[in-house]
Each structure stands twice: as C-alpha cells, then as structure tokens.
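Enquirer: Sharing final.tsv, TSV, C-alpha atoms:
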```
chain	number	residue	atom	x	y	z
A	21	MET	CA	-16.46	-35.55	-28.58
A	22	SER	CA	-13.66	-33.45	-27.15
A	23	ALA	CA	-13.29	-33.55	-23.37
A	24	GLY	CA	-13.80	-29.81	-23.37
A	25	ILE	CA	-17.15	-29.85	-25.20
A	26	ARG	CA	-20.10	-30.56	-22.95
A	27	PRO	CA	-23.64	-31.59	-23.98
A	28	GLY	CA	-25.12	-29.81	-20.94
A	29	CYS	CA	-24.17	-28.43	-17.56
A	30	ARG	CA	-20.87	-29.86	-16.39
A	31	GLY	CA	-22.25	-30.12	-12.88
A	32	CYS	CA	-25.87	-31.31	-13.05
A	33	GLY	CA	-26.45	-32.11	-16.72
A	34	ALA	CA	-29.11	-29.44	-17.32
A	35	VAL	CA	-29.46	-28.69	-21.03
A	36	GLU	CA	-30.41	-25.00	-21.12
A	37	LEU	CA	-27.57	-22.74	-20.01
A	38	THR	CA	-27.25	-18.95	-19.98
A	39	ARG	CA	-24.36	-17.18	-21.70
A	40	VAL	CA	-22.99	-14.57	-19.27
A	41	LEU	CA	-19.55	-13.70	-20.66
A	42	ASP	CA	-18.22	-13.95	-24.21
A	43	LEU	CA	-14.66	-12.88	-25.02
A	44	GLY	CA	-14.81	-14.05	-28.62
A	45	LYS	CA	-11.79	-15.92	-29.93
A	46	MET	CA	-8.67	-15.86	-27.79
A	47	PRO	CA	-5.22	-17.48	-28.00
A	48	ALA	CA	-4.79	-20.45	-25.71
A	49	ALA	CA	-3.75	-19.17	-22.29
A	50	ASP	CA	-1.52	-22.18	-21.66
A	51	ASP	CA	0.43	-22.03	-24.94
A	52	PHE	CA	3.39	-19.64	-24.83
A	53	PRO	CA	4.84	-19.70	-28.35
A	54	PRO	CA	8.52	-19.29	-29.25
A	55	LEU	CA	9.51	-15.72	-30.08
A	56	ASP	CA	9.81	-16.48	-33.78
A	57	ALA	CA	6.44	-18.25	-34.06
A	58	PRO	CA	3.85	-16.36	-36.18
A	59	PHE	CA	1.25	-14.29	-34.38
A	60	GLY	CA	-1.70	-12.19	-35.42
A	61	THR	CA	-3.55	-13.85	-38.30
A	62	GLY	CA	-1.09	-16.74	-38.22
A	63	GLU	CA	-1.79	-17.70	-34.60
A	64	ALA	CA	-4.57	-20.08	-33.58
A	65	THR	CA	-7.43	-18.68	-31.52
A	66	HIS	CA	-10.24	-20.43	-29.71
A	67	PRO	CA	-13.72	-19.48	-28.45
A	68	LEU	CA	-13.70	-18.32	-24.83
A	69	ALA	CA	-17.03	-17.90	-23.08
A	70	MET	CA	-18.73	-18.56	-19.74
A	71	ASP	CA	-22.15	-20.12	-19.25
A	72	LEU	CA	-24.23	-20.17	-16.08
A	73	CYS	CA	-26.51	-23.07	-15.17
A	74	PRO	CA	-29.94	-21.88	-13.95
A	75	VAL	CA	-30.48	-25.19	-12.12
A	76	CYS	CA	-27.34	-25.76	-10.02
A	77	GLY	CA	-25.78	-22.32	-10.45
A	78	LEU	CA	-22.43	-23.54	-11.79
A	79	ALA	CA	-20.51	-20.97	-13.83
A	80	GLN	CA	-18.54	-22.89	-16.42
A	81	LEU	CA	-16.34	-22.73	-19.47
A	82	ALA	CA	-18.67	-23.08	-22.44
A	83	GLU	CA	-16.25	-25.07	-24.57
A	84	ASP	CA	-12.55	-25.77	-24.91
A	85	ASP	CA	-10.90	-27.15	-28.01
A	86	THR	CA	-7.35	-26.38	-26.84
A	87	VAL	CA	-4.94	-29.24	-26.26
A	88	THR	CA	-1.79	-27.48	-25.08
A	89	ALA	CA	-0.08	-27.86	-21.71
A	90	GLU	CA	1.04	-24.80	-19.77
A	91	PRO	CA	4.76	-24.54	-19.03
A	92	ARG	CA	5.32	-25.15	-15.34
A	93	GLY	CA	5.26	-21.93	-13.39
A	94	VAL	CA	7.02	-21.10	-10.15
A	95	GLU	CA	4.70	-21.36	-7.17
A	96	PRO	CA	4.50	-17.90	-5.58
A	97	ARG	CA	5.23	-17.38	-1.90
A	98	ALA	CA	1.67	-16.10	-1.38
A	99	LEU	CA	0.31	-19.51	-2.34
A	100	ARG	CA	2.79	-21.37	-0.14
A	101	ASP	CA	2.08	-19.12	2.83
A	102	GLN	CA	-1.65	-19.49	2.38
A	103	ALA	CA	-1.38	-23.30	2.30
A	104	ALA	CA	0.51	-23.32	5.59
A	105	ALA	CA	-1.96	-20.89	7.18
A	106	ALA	CA	-4.90	-22.96	5.93
A	107	LEU	CA	-3.59	-26.17	7.45
A	108	ASP	CA	-2.93	-24.37	10.73
A	109	GLY	CA	-6.56	-23.27	10.81
A	110	VAL	CA	-7.86	-26.69	9.84
A	111	ALA	CA	-5.74	-28.34	12.53
A	112	GLU	CA	-6.89	-25.89	15.20
A	113	ALA	CA	-10.50	-26.68	14.31
A	114	GLY	CA	-9.84	-30.41	14.72
A	115	TRP	CA	-10.13	-31.47	11.09
A	116	LEU	CA	-6.66	-33.00	10.68
A	117	SER	CA	-7.37	-36.37	12.23
A	118	GLY	CA	-6.29	-39.82	11.09
A	119	ALA	CA	-3.01	-41.02	9.63
A	120	THR	CA	-3.24	-41.01	5.83
A	121	ALA	CA	-3.41	-38.27	3.21
A	122	ALA	CA	-3.98	-37.97	-0.53
A	123	GLU	CA	-4.12	-35.08	-2.96
A	124	PHE	CA	-5.75	-34.16	-6.25
A	125	GLY	CA	-3.16	-31.83	-7.70
A	126	SER	CA	-3.43	-28.71	-9.80
A	127	PRO	CA	-1.70	-28.19	-13.16
A	128	HIS	CA	-0.29	-24.97	-11.71
A	129	GLY	CA	1.95	-26.88	-9.33
A	130	GLY	CA	2.40	-26.79	-5.60
A	131	SER	CA	1.41	-29.47	-3.11
A	132	TRP	CA	0.10	-29.65	0.44
A	133	LEU	CA	1.42	-33.18	0.94
A	134	PRO	CA	4.83	-32.16	2.35
A	135	LEU	CA	3.02	-30.03	4.93
A	136	LEU	CA	0.81	-32.97	5.86
A	137	GLU	CA	3.78	-35.33	6.02
A	138	SER	CA	5.50	-32.94	8.41
A	139	ARG	CA	2.44	-33.37	10.64
A	140	GLY	CA	2.83	-37.15	10.65
A	141	PHE	CA	0.54	-38.16	7.79
A	142	THR	CA	1.46	-40.94	5.35
A	143	VAL	CA	0.62	-40.46	1.69
A	144	THR	CA	-1.61	-43.19	0.28
A	145	GLU	CA	-3.33	-43.96	-3.02
A	146	GLY	CA	-6.33	-45.58	-1.36
A	147	PRO	CA	-9.15	-43.85	0.54
A	148	ALA	CA	-7.41	-41.38	2.85
A	149	ASP	CA	-8.30	-39.71	6.12
A	150	VAL	CA	-7.45	-36.28	4.67
A	151	VAL	CA	-7.87	-35.55	0.96
A	152	VAL	CA	-6.72	-32.20	-0.44
A	153	ASP	CA	-7.78	-30.42	-3.60
A	154	CYS	CA	-6.38	-26.89	-3.92
A	155	PHE	CA	-7.62	-25.32	-7.18
A	156	GLY	CA	-7.49	-28.71	-8.87
A	157	ILE	CA	-11.12	-29.66	-9.40
A	158	MET	CA	-11.88	-26.65	-11.59
A	159	HIS	CA	-9.63	-28.20	-14.26
A	160	GLU	CA	-11.95	-31.21	-14.68
A	161	PRO	CA	-14.29	-31.02	-17.72
A	162	ASP	CA	-16.74	-33.52	-16.16
A	163	GLN	CA	-17.57	-31.96	-12.82
A	164	ARG	CA	-19.97	-34.68	-11.69
A	165	ALA	CA	-17.33	-37.35	-12.22
A	166	ALA	CA	-14.71	-35.17	-10.50
A	167	PHE	CA	-16.74	-34.78	-7.30
A	168	THR	CA	-17.57	-38.49	-7.32
A	169	ALA	CA	-13.87	-39.34	-7.60
A	170	ARG	CA	-12.95	-37.10	-4.68
A	171	ALA	CA	-15.71	-38.55	-2.54
A	172	ALA	CA	-14.45	-42.06	-3.33
A	173	ALA	CA	-10.91	-41.06	-2.35
A	174	THR	CA	-12.05	-39.86	1.08
A	175	ALA	CA	-12.25	-42.44	3.88
A	176	ALA	CA	-15.65	-43.07	5.45
A	177	ASP	CA	-14.85	-40.88	8.45
A	178	GLY	CA	-12.32	-38.68	6.63
A	179	ALA	CA	-12.38	-35.10	5.39
A	180	LEU	CA	-12.05	-33.60	1.93
A	181	LEU	CA	-10.33	-30.20	2.02
A	182	LEU	CA	-11.35	-28.38	-1.14
A	183	GLN	CA	-10.17	-24.84	-1.93
A	184	PHE	CA	-11.65	-22.71	-4.69
A	185	HIS	CA	-11.61	-19.17	-6.06
A	186	SER	CA	-14.93	-17.66	-5.01
A	187	LEU	CA	-17.30	-16.78	-7.86
A	188	ALA	CA	-18.69	-14.01	-5.65
A	189	ALA	CA	-15.21	-12.47	-5.40
A	190	ILE	CA	-14.71	-12.83	-9.14
A	191	VAL	CA	-17.99	-11.01	-9.83
A	192	GLU	CA	-17.65	-8.32	-7.16
A	193	GLN	CA	-14.09	-7.45	-8.21
A	194	GLY	CA	-14.66	-7.72	-11.95
A	195	GLN	CA	-12.11	-10.51	-12.36
A	196	TRP	CA	-13.36	-11.43	-15.80
A	197	ASN	CA	-9.98	-12.79	-16.87
A	198	ALA	CA	-10.28	-15.58	-14.31
A	199	LEU	CA	-12.07	-17.19	-17.25
A	200	ARG	CA	-9.57	-19.15	-19.30
A	201	HIS	CA	-9.16	-22.30	-21.32
A	202	GLY	CA	-8.61	-25.33	-19.09
A	203	HIS	CA	-10.58	-23.82	-16.19
A	204	PHE	CA	-13.94	-25.53	-16.54
A	205	ALA	CA	-15.79	-24.47	-13.38
A	206	TYR	CA	-16.20	-21.44	-11.11
A	207	TYR	CA	-17.98	-22.03	-7.83
A	208	SER	CA	-20.20	-20.24	-5.41
A	209	LEU	CA	-20.54	-22.00	-2.06
A	210	HIS	CA	-24.23	-22.57	-2.85
A	211	THR	CA	-23.28	-24.49	-5.98
A	212	LEU	CA	-20.40	-26.34	-4.32
A	213	ARG	CA	-22.77	-27.67	-1.64
A	214	ARG	CA	-25.10	-29.00	-4.37
A	215	LEU	CA	-22.25	-30.72	-6.21
A	216	LEU	CA	-20.94	-32.24	-2.99
A	217	ALA	CA	-24.44	-33.45	-2.09
A	218	ALA	CA	-24.77	-35.21	-5.44
A	219	ALA	CA	-21.56	-37.09	-4.55
A	220	GLY	CA	-22.86	-38.03	-1.08
A	221	MET	CA	-20.94	-35.40	0.87
A	222	ARG	CA	-21.73	-32.23	2.79
A	223	ALA	CA	-19.76	-29.09	3.58
A	224	ALA	CA	-19.14	-29.09	7.34
A	225	ALA	CA	-16.76	-26.14	7.84
A	226	ALA	CA	-15.16	-23.32	5.88
A	227	TRP	CA	-12.31	-20.81	6.04
A	228	GLU	CA	-11.85	-17.62	3.98
A	229	PHE	CA	-8.59	-16.20	2.61
A	230	SER	CA	-7.66	-13.05	0.71
A	231	LEU	CA	-5.66	-14.95	-1.93
A	232	TYR	CA	-6.73	-14.00	-5.49
A	233	GLY	CA	-9.15	-11.49	-4.00
A	234	GLY	CA	-11.17	-14.15	-2.20
A	235	THR	CA	-10.77	-17.90	-1.85
A	236	VAL	CA	-12.69	-20.38	0.26
A	237	LEU	CA	-11.50	-23.63	1.81
A	238	VAL	CA	-14.23	-26.15	2.65
A	239	ALA	CA	-14.00	-29.27	4.80
A	240	ALA	CA	-16.46	-31.81	3.43
A	241	VAL	CA	-17.48	-35.12	4.99
A	242	HIS	CA	-19.59	-38.07	3.93
A	243	GLY	CA	-23.28	-37.86	4.75
A	244	PRO	CA	-26.53	-36.28	3.57
A	245	ALA	CA	-26.50	-32.54	3.05
A	246	GLU	CA	-29.11	-30.22	4.52
A	247	LEU	CA	-29.28	-27.74	1.67
A	248	HIS	CA	-32.49	-26.07	2.84
A	249	SER	CA	-31.40	-25.24	6.37
A	250	ALA	CA	-28.72	-22.93	7.73
A	251	PRO	CA	-25.40	-24.71	8.35
A	252	ALA	CA	-24.09	-24.94	11.89
A	253	ASP	CA	-20.66	-23.61	10.96
A	254	PRO	CA	-20.77	-19.80	11.25
A	255	THR	CA	-18.32	-19.22	8.39
A	256	LEU	CA	-20.41	-21.33	6.03
A	257	ALA	CA	-23.51	-19.40	7.06
A	258	ARG	CA	-21.79	-16.05	6.59
A	259	ILE	CA	-20.49	-16.92	3.12
A	260	LEU	CA	-23.89	-18.16	1.99
A	261	ALA	CA	-25.55	-14.97	3.20
A	262	ALA	CA	-22.95	-12.81	1.43
A	263	GLU	CA	-23.44	-14.77	-1.80
A	264	SER	CA	-27.21	-14.27	-1.63
A	265	ALA	CA	-26.59	-10.53	-1.51
A	266	VAL	CA	-24.51	-10.79	-4.71
A	267	PHE	CA	-26.52	-13.32	-6.73
A	268	GLY	CA	-30.03	-13.00	-5.33
A	269	ASP	CA	-32.37	-15.94	-5.00
A	270	ASP	CA	-33.35	-16.68	-8.60
A	271	PRO	CA	-31.49	-17.63	-11.81
A	272	GLU	CA	-32.30	-14.37	-13.61
A	273	THR	CA	-30.80	-12.21	-10.86
A	274	ALA	CA	-27.73	-14.43	-10.67
A	275	ALA	CA	-27.21	-14.23	-14.44
A	276	ALA	CA	-27.52	-10.44	-14.36
A	277	ALA	CA	-24.88	-10.25	-11.63
A	278	VAL	CA	-22.39	-12.45	-13.48
A	279	ARG	CA	-22.98	-10.52	-16.72
A	280	GLY	CA	-21.21	-7.65	-15.01
A	281	LEU	CA	-18.02	-9.45	-15.96
A	282	GLN	CA	-18.66	-8.56	-19.60
A	283	ARG	CA	-18.76	-4.86	-18.76
A	284	ALA	CA	-15.63	-5.24	-16.64
A	285	ALA	CA	-13.78	-6.93	-19.52
A	286	ASP	CA	-14.62	-4.17	-21.99
A	287	SER	CA	-13.78	-1.40	-19.51
A	288	GLN	CA	-10.48	-2.86	-18.27
A	289	ALA	CA	-9.21	-3.66	-21.76
A	290	SER	CA	-9.94	-0.17	-23.09
A	291	SER	CA	-8.52	1.47	-19.96
A	292	LEU	CA	-5.29	-0.54	-20.17
A	293	ARG	CA	-4.85	0.34	-23.82
A	294	ALA	CA	-5.42	4.04	-23.12
A	295	TRP	CA	-2.96	4.00	-20.19
A	296	LEU	CA	-0.26	2.29	-22.21
A	297	GLU	CA	-0.72	4.78	-25.02
A	298	ARG	CA	-0.43	7.70	-22.59
A	299	GLU	CA	2.70	6.25	-20.99
A	300	THR	CA	4.30	5.63	-24.38
A	301	ALA	CA	3.45	9.14	-25.56
A	302	SER	CA	5.12	10.47	-22.41
A	303	GLY	CA	8.32	8.63	-23.30
A	304	HIS	CA	7.97	6.05	-20.52
A	305	ARG	CA	9.17	2.48	-21.00
A	306	VAL	CA	6.57	0.08	-19.65
A	307	PHE	CA	7.24	-3.56	-18.76
A	308	ALA	CA	5.03	-6.08	-16.97
A	309	TYR	CA	5.66	-8.78	-14.42
A	310	GLY	CA	3.84	-12.11	-14.43
A	311	ALA	CA	3.24	-14.12	-17.62
A	312	ALA	CA	0.14	-15.49	-15.96
A	313	SER	CA	-2.69	-17.17	-17.82
A	314	ARG	CA	-5.10	-14.42	-16.80
A	315	ALA	CA	-2.79	-11.83	-18.38
A	316	VAL	CA	-3.15	-13.48	-21.78
A	317	ALA	CA	-6.79	-12.49	-22.30
A	318	LEU	CA	-6.22	-8.97	-20.94
A	319	LEU	CA	-3.28	-8.18	-23.22
A	320	HIS	CA	-4.97	-9.73	-26.25
A	321	LEU	CA	-8.31	-8.00	-25.67
A	322	ALA	CA	-6.50	-4.68	-25.21
A	323	GLY	CA	-4.57	-5.17	-28.46
A	324	VAL	CA	-1.22	-4.84	-26.70
A	325	HIS	CA	1.99	-5.02	-28.74
A	326	GLN	CA	5.69	-4.49	-28.08
A	327	ALA	CA	5.60	-0.81	-28.99
A	328	LEU	CA	3.32	-0.31	-25.97
A	329	LEU	CA	4.67	-2.99	-23.62
A	330	THR	CA	8.35	-3.78	-24.00
A	331	ALA	CA	8.38	-7.19	-22.29
A	332	VAL	CA	6.83	-9.32	-19.55
A	333	ALA	CA	9.13	-10.72	-16.87
A	334	ASP	CA	8.41	-14.06	-15.25
A	335	ALA	CA	10.27	-16.28	-12.80
A	336	SER	CA	9.48	-19.47	-14.71
A	337	PRO	CA	12.45	-20.57	-16.86
A	338	ALA	CA	9.98	-22.55	-19.00
A	339	LYS	CA	8.30	-19.33	-20.13
A	340	GLN	CA	11.39	-17.18	-20.59
A	341	GLY	CA	12.48	-16.77	-24.20
A	342	ARG	CA	8.90	-17.19	-25.39
A	343	ARG	CA	6.21	-14.57	-25.96
A	344	MET	CA	2.78	-13.74	-24.63
A	345	PRO	CA	0.13	-15.55	-26.71
A	346	GLY	CA	-1.58	-13.34	-29.24
A	347	THR	CA	1.08	-10.62	-29.03
A	348	ASP	CA	4.69	-9.99	-30.02
A	349	VAL	CA	5.62	-9.14	-26.42
A	350	PRO	CA	8.57	-11.29	-25.25
A	351	ILE	CA	8.86	-13.00	-21.86
A	352	ILE	CA	12.12	-12.28	-20.07
A	353	ALA	CA	13.84	-13.25	-16.82
A	354	PRO	CA	13.39	-10.99	-13.77
A	355	ALA	CA	17.10	-10.10	-13.89
A	356	GLU	CA	16.56	-8.61	-17.34
A	357	LEU	CA	13.69	-6.54	-16.00
A	358	VAL	CA	15.85	-5.09	-13.23
A	359	ALA	CA	18.68	-4.38	-15.67
A	360	ALA	CA	16.30	-2.56	-18.03
A	361	GLN	CA	15.32	-0.07	-15.30
A	362	PRO	CA	11.82	0.51	-16.69
A	363	ASP	CA	9.73	3.55	-15.82
A	364	ARG	CA	6.63	1.49	-15.03
A	365	VAL	CA	6.05	-2.21	-14.27
A	366	LEU	CA	2.50	-3.48	-14.64
A	367	LEU	CA	1.91	-6.27	-12.12
A	368	THR	CA	-0.54	-8.79	-13.57
A	369	LEU	CA	-1.00	-10.69	-10.27
A	370	PRO	CA	-1.40	-8.31	-7.30
A	371	ASP	CA	-0.87	-11.17	-4.81
A	372	LEU	CA	2.79	-11.21	-5.85
A	373	LEU	CA	3.52	-7.64	-4.72
A	374	PRO	CA	4.95	-8.34	-1.23
A	375	GLU	CA	7.22	-11.07	-2.58
A	376	ILE	CA	8.60	-9.19	-5.57
A	377	ARG	CA	9.05	-5.92	-3.67
A	378	ALA	CA	11.28	-7.78	-1.24
A	379	GLN	CA	13.18	-9.53	-4.05
A	380	TRP	CA	13.80	-6.46	-6.22
A	381	PRO	CA	13.93	-3.28	-4.13
A	382	GLU	CA	15.56	-1.57	-7.13
A	383	LEU	CA	12.09	-1.36	-8.70
A	384	GLU	CA	10.40	0.29	-5.74
A	385	GLY	CA	7.97	3.00	-6.80
A	386	ARG	CA	7.57	1.60	-10.32
A	387	TRP	CA	4.95	-1.10	-9.69
A	388	VAL	CA	1.49	-0.46	-11.14
A	389	LEU	CA	-1.41	-2.63	-9.98
A	390	ASN	CA	-4.36	-0.73	-11.39
A	391	PRO	CA	-3.50	1.25	-14.52
A	392	THR	CA	-7.06	2.56	-14.79
A	393	ALA	CA	-6.34	4.67	-11.71
A	394	GLN	CA	-3.22	6.29	-13.15
A	395	ASP	CA	-3.15	9.84	-14.45
```
Can you present the structure in this file as structure tokens?
Expert:
Amino acid sequence: MSAGIRPGCRGCGAVELTRVLDLGKMPAADDFPPLDAPFGTGEATHPLAMDLCPVCGLAQLAEDDTVTAEPRGVEPRALRDQAAAALDGVAEAGWLSGATAAEFGSPHGGSWLPLLESRGFTVTEGPADVVVDCFGIMHEPDQRAAFTARAAATAADGALLLQFHSLAAIVEQGQWNALRHGHFAYYSLHTLRRLLAAAGMRAAAAWEFSLYGGTVLVAAVHGPAELHSAPADPTLARILAAESAVFGDDPETAAAAVRGLQRAADSQASSLRAWLERETASGHRVFAYGAASRAVALLHLAGVHQALLTAVADASPAKQGRRMPGTDVPIIAPAELVAAQPDRVLLTLPDLLPEIRAQWPELEGRWVLNPTAQD
C-alpha cells in the first residue's frame, strides 16, 4: 500500500471518515514541469480531497499517490522573522532550558537550529532538551507514528516545540488551497492535544502568530493530559474557546464548518477567472508572484492559461524556467518580472508583501492580493 493511502484516520485509526472538501483531480503541487513538457490531457492529475475524522477531529488528506519532490524554495523573510520572534517568546516564558536541541525538518526548508545554537544549544541526534517541529509533522502520512517519534526524541524533562497552521484560521479565512498533496494533516488545537496525549505528552503552553493567516506554536511536555479540564495556560484556553465557536461541540457541526472550504474554492476560482478576463479585456498585462504549492490548485481550478496570466515570478532558481503545473504559464525570475513592467501582479502569498515591496519598489501600486475585490 502506498504511504499516502490510509486504511482509516491517520491520527486515531477510526474507519468512518467524513468527506468535507473535494477538488477532483489536480496536478501534483510539488511537480513543476519543464516548459516543453505536455500539459492539459497529457499531464498527470491526482485526486485531491480532505476528510474529517468524527472521533479525533483530524482534518486530513484523503489519499496521495504522488511521488514527486518539490524543488527547494527560498525561505521567505516572514518565516525567518517569525521563527526568531517565536524563540524570543518561548525563552521569555522559560521554555528554553537544557543544553541540547534537535529538529524534525520541513520539506519547505528553513531551520530553527542555528537560532538555538546561537543561544548555546548543542545539536544532538538523541533525546534532546528542546525538540522543534515547524510545519514538519503535517507531511507525515502516519500521524500516530509521527507523534510517537517526536515524543521519543524529547528528553524526559524536555519540551517539544510544535508549530502548525491553524485549521480554524484555514476555515474562517476560506484557505481551501492549503489542501495539497504531501500535506497529510491539518490541526485544530483540540485535535493536537488528543494526538499528543496518545503519545504520552500534553500541551503546556501556546503562542499565536499571524503567519499564513494564523499559526500556533505549542510547547508540549511528557505527562498525562487533562483533556476534559481547562488548561492553566491562558493562551491555550483562549484558542480552545475560539475553536469551539468555529467548530461547535459535535462532529456534525464541525463537518459543516469545514465544508465551507468547498464553497470558498468554487467562489475564489470563478472570481479569479472573471477578474483575469476583465483585466485582459482591458488590455492589462497580468503577472503573478509566488510559484507556491497553494497557487497550483487555484490556477488549475480557475482554468488559468498564459493568455490570461503571462507568467509567475519566483525567487527559487529551481523553479525558474519551468511552468505552473496544469497550465502553460511559465515561471520566471523576479528580475524578469520587474523588466516586464506589468500592469498587475497577483501575489499568491500575502505574507510576502512587506518583503517584496521593499525589494522591488518599481512595482509599487501594482500588487493585487485579493482579485475578487477589484473592479
């Protein structure tokens, strides 16, 4: 059986799951083909859907038969700044104790280990006093095994620092294209506490950040979890209360809330297509910035082609000279974008705006974050 095909819930093993989002067949979001590679009917597509477990509440990739590896991207400044700010907050709260550190990395690159080493920590392969996982665990098909492995890597009196993109933020902001091949799990704090408890750990503290519209960093320690009582940490308690307002207290209400992502997908795709057609009819040349994995599903679902979107710029040399999966839209270097002097530049990752505005002031006034709001 493929690692991406699961016989039940990836978190608790429950058999009956609820389908909450189905995007049909999509090109692999981590496979950026050469410009001359066939697309359309000649390009491989794969089922892309999200299931929700009514037992543990884990939102998860239904299946994944892709086997490609995403070209290494360039870590944005927003992610680097957030890592530094997170460790500052963790240190101020007294959670950076001990002498050794370890990390479960993410395929998207970036590491917190240099920051920890600058604070005097030594990197080790054995159980460590501080273990970091920043957006890494969601890439594990077997979630139970992944949490067990991270618990085993954390020293008896150590702390696991685990950061994740909040499912509540994804639902509230209609971030349906957070769903992609290779991303197997999407967490609420309620669900994360259950998965940690099954691995013998409990969430002891939390911090919230605006990155990606809402991310949460949890400090977990060994010991029994008290899932049926309010946590002592005020941030944990606040997040749990906010999630209850989004998902309710029963599986049916939670599934109904997450199904809003299906409506968001249909609406955003049709709105993007209509906006691009209006801009093209007006004689405007539209480019995009950010050949991100979440842009793949959006452009494909909207039926975007080069006559509507001239090119997508990206800072990753590994992606330049290729094309967006499922389209004929080429990926170019940022210098080519500036030289083209486009009328509009669709930004696929809003978190990048401060960084790219500072890098390319020549494009000021041309950035578009939400095309559905344009005239």
Enquirer: Compile the contact shell of Leu199 in chain A as a list in words: residues with an atom at most 9 Å away, counting all atoms listed in the file, same-chain residues fewer than 2 positions apart removed.
Expert: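 Final neighbour list, sorted by chain and number: Leu41, Leu68, Ala69, Met70, Gln80, Leu81, Gln195, Trp196, Asn197, His201, His203, Phe204, Tyr206, Arg314 and Ala317 of chain A.
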Enquirer: Residues near Pro74 in chain A, anyone? I mean within 8 Å using only C-alpha atoms, not counting same-chain ones fewer than 6 positions away, as a list in words.
Expert: Glu36, Leu37, Thr38, Pro271 and Glu272 of chain A
Enquirer: Using only C-alpha atoms for the distances, tell me which of A:Leu319, A:Ala79, A:Leu256, A:Met46 is nearest to Glu63 in chain A.
Expert: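 Ranking A:Leu319, A:Ala79, A:Leu256, A:Met46 by distance to Glu63 in chain A, first place goes to A:Met46.
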Enquirer: Write out as a PDB file with C-alpha atoms, in the frame of the given file which residues come within 7 Å of range 283-298 of chain A when counting all atoms listed in the file, dropping same-chain ones fewer than 3 positions away.
Expert:
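In the end it all went to result38.pdb:
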```
ATOM      1  CA  GLY A 194     -14.660  -7.720 -11.950  1.00  0.00           C
ATOM      2  CA  TRP A 196     -13.360 -11.430 -15.800  1.00  0.00           C
ATOM      3  CA  GLY A 280     -21.210  -7.650 -15.010  1.00  0.00           C
ATOM      4  CA  ALA A 301       3.450   9.140 -25.560  1.00  0.00           C
ATOM      5  CA  SER A 302       5.120  10.470 -22.410  1.00  0.00           C
ATOM      6  CA  LEU A 318      -6.220  -8.970 -20.940  1.00  0.00           C
ATOM      7  CA  LEU A 321      -8.310  -8.000 -25.670  1.00  0.00           C
ATOM      8  CA  ALA A 322      -6.500  -4.680 -25.210  1.00  0.00           C
ATOM      9  CA  VAL A 324      -1.220  -4.840 -26.700  1.00  0.00           C
ATOM     10  CA  LEU A 328       3.320  -0.310 -25.970  1.00  0.00           C
ATOM     11  CA  PRO A 391      -3.500   1.250 -14.520  1.00  0.00           C
ATOM     12  CA  THR A 392      -7.060   2.560 -14.790  1.00  0.00           C
TER      13      THR A 392
END
```
Enquirer: Excluding same-chain residues fewer than 5 positions from Pro27 in chain A, what lies within 12 Å of it counting only C-alpha atoms, as a ChimeraX atom specification?
Expert: /A:21-22,32-37,82-83,161-162
Enquirer: CA of Tyr207 in chain A and CA of Leu281 in chain A, how far apart in Å?
Expert: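 Those two atoms sit 15.0 Å apart.
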Enquirer: Rank A:Leu260, A:Arg213, A:His320, A:Pro370 by their smallest atom-to-atom distance to Asp348 in chain A, using only C-alpha atoms, and report the top residue only.
Expert: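 Smallest separation from Asp348 in chain A among the options: A:His320.
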Enquirer: Compare A:Ala265, A:Ala223, A:Leu231, A:Ala275 by their minimum atom-to-atom distance to Pro251 in chain A, counting all atoms listed in the file, and give me the closest one.
Expert: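 Ranking A:Ala265, A:Ala223, A:Leu231, A:Ala275 by distance to Pro251 in chain A, first place goes to A:Ala223.
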Enquirer: Considering all atoms listed in the file, can you say which of A:Ser131, A:Ser138, A:Gln326, A:Thr120 comes closest to Asp153 in chain A?
Expert: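 Among the listed residues, A:Ser131 lies closest to Asp153 in chain A.
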Enquirer: May I have the residues at most 6 Å from (-19.3, -40.2, 7.5) in the file's coordinates, counting all atoms listed in the file, as a ChimeraX atom specification?
Expert: /A:176-177,241-243
Enquirer: Quick check, in Å to one decimal: how far apart do CA of Val332 in chain A and CA of Ile376 in chain A lie?
Expert: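 These atoms are spaced 14.1 Å apart.
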Enquirer: Ala172 in chain A: which residues within 9 Å, counting only C-alpha atoms, same-chain residues fewer than 5 positions away excluded, as a list in words?
Expert: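 After dropping sequence-adjacent residues, the list is Pro147, Phe167 and Ala219 of chain A.
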Enquirer: Quick one: of A:Val110, A:Val365, A:Ala64, A:Val278, who's nearest to His304 in chain A, counting only C-alpha atoms?
Expert: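 Once distances to His304 in chain A are computed over only C-alpha atoms, the minimum belongs to A:Val365.
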Enquirer: For a quick check of understanding, using only C-alpha atoms, which of A:Val143, A:Val388, A:Leu369, A:Ile259 has the smallest distance to Ala98 in chain A?
Expert: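 Counting only C-alpha atoms, the residue closest to Ala98 in chain A is A:Leu369.
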Enquirer: May I ask for the distance between CA of Asp108 in chain A and CA of Ala173 in chain A, given in Å to one decimal place?
Expert: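 Taking CA of Asp108 in chain A as the start and CA of Ala173 in chain A as the end point, the length is 22.7 Å.
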